[in-house]
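This report refers to the structure that appears directly beneath it.
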Amino acid sequence: MHKHQNIINFFEEVKLFKQKQLKQKKSGLNDYNLLTTVLKPHDEVRLHSRVIASLLDIEGLHYQEDLFLTKFLDLISHKDFKYDTKHSSIQIEYKNIDLYLTDGIKHIIIENKVYASDQKDQIKRYIEIIKEENPDIEYKDILVVYLSINRNKPSN
């Protein structure tokens with residue numbers, strides 16, 4: 001009989017948990033994502049890059065000018081990298097670079113790796129593209145930001 005009561009108690013606890021969970025979901029504590037209803041969650045270019053670009057674009061429809069870009073640069077905290085947010089431009093899929101930002105002097109390469117792995121020498125190629133197009137800059141004028149869902153670092 002004792003074992004039977006434990007099973008009943010267990011199912012009562014599950015029922016209470018589900019009720020609490022439903023109440024949380026109805027109050028907004030859930031994993032609903034409007035964007036993933038129209039795009040696949042792993043879509044790096046059409047979902048992730050576009051959302052990030054829309055926020056980092058100083059002329060974006062968010063009307064916040066360089067606020068999000070400034071916050072992003074603060075977040076990655078490269079104090080020696082003096083980027084002029086007021087003169088920033090951004091491009092998506094620029095020569096296969098997921099996101100490319102420049103203020104005309106400094107250059108930022110943002111690589112999204114949601115579920116994909118690195119291609120051989122991928123980051124190196126991107127750096128060389130920017131360096132070839134801007135022969136007067138030094139490598140210290142190029143910042144690479146590598147975004148990974150599992151926080152992996154780029155391969156050697």
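By convention in this document, the chains of the structure tokens carry letters A, B, ... by their order, each chain's residues are numbered from 1, and ligands are numbered from 1 in the order they are shown.
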Near range 69-73 of chain A, 9 Å: range 81-102 of chain A residue rows, closest pairs, only C-alpha atoms, as a Markdown table:
```
| residue | atom | partner | partner_atom | distance |
| --- | --- | --- | --- | --- |
| A:Tyr83 | CA | A:Leu73 | CA | 8.5 |
| A:Thr85 | CA | A:Thr70 | CA | 6.7 |
| A:Ser88 | CA | A:Leu69 | CA | 9.0 |
```
Going by DSSP on the backbone, which residues of range 43-153 of chain A come out as strand (DSSP E)? List them as a PDB file with N, CA and C atoms, in the first residue's frame.
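Everything below was put into result_20.pdb:
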```
ATOM      1  N   SER A  89      29.147  51.491 -41.161  1.00  0.00           N
ATOM      2  CA  SER A  89      28.269  50.882 -42.162  1.00  0.00           C
ATOM      3  C   SER A  89      28.356  49.371 -41.982  1.00  0.00           C
ATOM      4  N   ILE A  90      27.304  48.685 -42.368  1.00  0.00           N
ATOM      5  CA  ILE A  90      27.253  47.236 -42.182  1.00  0.00           C
ATOM      6  C   ILE A  90      26.744  46.576 -43.445  1.00  0.00           C
ATOM      7  N   GLN A  91      27.312  45.411 -43.755  1.00  0.00           N
ATOM      8  CA  GLN A  91      26.869  44.617 -44.905  1.00  0.00           C
ATOM      9  C   GLN A  91      26.706  43.165 -44.461  1.00  0.00           C
ATOM     10  N   ILE A  92      25.702  42.529 -45.005  1.00  0.00           N
ATOM     11  CA  ILE A  92      25.453  41.111 -44.745  1.00  0.00           C
ATOM     12  C   ILE A  92      26.002  40.312 -45.920  1.00  0.00           C
ATOM     13  N   GLU A  93      26.673  39.218 -45.617  1.00  0.00           N
ATOM     14  CA  GLU A  93      27.238  38.314 -46.621  1.00  0.00           C
ATOM     15  C   GLU A  93      28.140  39.063 -47.607  1.00  0.00           C
ATOM     16  N   TYR A  94      29.003  39.898 -47.086  1.00  0.00           N
ATOM     17  CA  TYR A  94      29.968  40.614 -47.919  1.00  0.00           C
ATOM     18  C   TYR A  94      31.118  39.661 -48.234  1.00  0.00           C
ATOM     19  N   ILE A  97      31.498  36.931 -45.916  1.00  0.00           N
ATOM     20  CA  ILE A  97      31.623  37.314 -44.511  1.00  0.00           C
ATOM     21  C   ILE A  97      30.195  37.535 -43.999  1.00  0.00           C
ATOM     22  N   ASP A  98      29.819  36.848 -42.931  1.00  0.00           N
ATOM     23  CA  ASP A  98      28.435  36.936 -42.448  1.00  0.00           C
ATOM     24  C   ASP A  98      28.028  38.379 -42.223  1.00  0.00           C
ATOM     25  N   LEU A  99      28.787  39.110 -41.426  1.00  0.00           N
ATOM     26  CA  LEU A  99      28.530  40.537 -41.188  1.00  0.00           C
ATOM     27  C   LEU A  99      29.855  41.279 -41.243  1.00  0.00           C
ATOM     28  N   TYR A 100      29.852  42.369 -41.982  1.00  0.00           N
ATOM     29  CA  TYR A 100      31.062  43.179 -42.117  1.00  0.00           C
ATOM     30  C   TYR A 100      30.715  44.620 -41.788  1.00  0.00           C
ATOM     31  N   LEU A 101      31.378  45.157 -40.781  1.00  0.00           N
ATOM     32  CA  LEU A 101      31.173  46.546 -40.375  1.00  0.00           C
ATOM     33  C   LEU A 101      32.470  47.305 -40.583  1.00  0.00           C
ATOM     34  N   THR A 102      32.355  48.557 -40.979  1.00  0.00           N
ATOM     35  CA  THR A 102      33.525  49.406 -41.082  1.00  0.00           C
ATOM     36  C   THR A 102      33.136  50.853 -40.813  1.00  0.00           C
ATOM     37  N   HIS A 107      37.751  47.832 -39.053  1.00  0.00           N
ATOM     38  CA  HIS A 107      36.918  46.847 -39.737  1.00  0.00           C
ATOM     39  C   HIS A 107      36.559  45.737 -38.757  1.00  0.00           C
ATOM     40  N   ILE A 108      35.294  45.340 -38.782  1.00  0.00           N
ATOM     41  CA  ILE A 108      34.826  44.278 -37.897  1.00  0.00           C
ATOM     42  C   ILE A 108      34.201  43.178 -38.746  1.00  0.00           C
ATOM     43  N   ILE A 109      34.703  41.978 -38.555  1.00  0.00           N
ATOM     44  CA  ILE A 109      34.170  40.789 -39.210  1.00  0.00           C
ATOM     45  C   ILE A 109      33.410  40.015 -38.144  1.00  0.00           C
ATOM     46  N   ILE A 110      32.142  39.730 -38.399  1.00  0.00           N
ATOM     47  CA  ILE A 110      31.364  38.919 -37.468  1.00  0.00           C
ATOM     48  C   ILE A 110      31.008  37.624 -38.179  1.00  0.00           C
ATOM     49  N   GLU A 111      31.430  36.535 -37.599  1.00  0.00           N
ATOM     50  CA  GLU A 111      31.158  35.214 -38.158  1.00  0.00           C
ATOM     51  C   GLU A 111      30.167  34.487 -37.259  1.00  0.00           C
ATOM     52  N   ASN A 112      29.048  34.074 -37.830  1.00  0.00           N
ATOM     53  CA  ASN A 112      28.016  33.302 -37.115  1.00  0.00           C
ATOM     54  C   ASN A 112      28.249  31.823 -37.335  1.00  0.00           C
ATOM     55  N   LYS A 113      28.306  31.093 -36.268  1.00  0.00           N
ATOM     56  CA  LYS A 113      28.396  29.632 -36.359  1.00  0.00           C
ATOM     57  C   LYS A 113      27.311  29.063 -35.458  1.00  0.00           C
ATOM     58  N   ILE A 142      41.645  45.291 -37.779  1.00  0.00           N
ATOM     59  CA  ILE A 142      40.587  44.326 -38.102  1.00  0.00           C
ATOM     60  C   ILE A 142      40.253  43.546 -36.834  1.00  0.00           C
ATOM     61  N   LEU A 143      38.993  43.569 -36.476  1.00  0.00           N
ATOM     62  CA  LEU A 143      38.510  42.821 -35.314  1.00  0.00           C
ATOM     63  C   LEU A 143      37.602  41.703 -35.803  1.00  0.00           C
ATOM     64  N   VAL A 144      37.850  40.495 -35.331  1.00  0.00           N
ATOM     65  CA  VAL A 144      37.010  39.362 -35.693  1.00  0.00           C
ATOM     66  C   VAL A 144      36.196  38.963 -34.470  1.00  0.00           C
ATOM     67  N   VAL A 145      34.886  38.890 -34.668  1.00  0.00           N
ATOM     68  CA  VAL A 145      33.972  38.442 -33.614  1.00  0.00           C
ATOM     69  C   VAL A 145      33.380  37.124 -34.095  1.00  0.00           C
ATOM     70  N   TYR A 146      33.561  36.091 -33.298  1.00  0.00           N
ATOM     71  CA  TYR A 146      33.127  34.749 -33.654  1.00  0.00           C
ATOM     72  C   TYR A 146      31.978  34.360 -32.738  1.00  0.00           C
ATOM     73  N   LEU A 147      30.781  34.272 -33.304  1.00  0.00           N
ATOM     74  CA  LEU A 147      29.592  33.943 -32.524  1.00  0.00           C
ATOM     75  C   LEU A 147      29.248  32.469 -32.718  1.00  0.00           C
ATOM     76  N   SER A 148      29.191  31.761 -31.612  1.00  0.00           N
ATOM     77  CA  SER A 148      28.939  30.331 -31.676  1.00  0.00           C
ATOM     78  C   SER A 148      27.865  29.975 -30.668  1.00  0.00           C
TER      79      SER A 148
END
```
- request: Quick one: pull the distance between CA of Ile137 in chain A and CA of Ile105 in chain A, Å, one decimal.
  value: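 The value is 7.4 Å.
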field: Distance criterion (only C-alpha atoms): nearest to Gln64 in chain A out of A:Val51, A:Asn6, A:Lys86, A:Leu22
entry: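 Looking only at the distances to Gln64 in chain A, the closest residue turns out to be A:Lys86.
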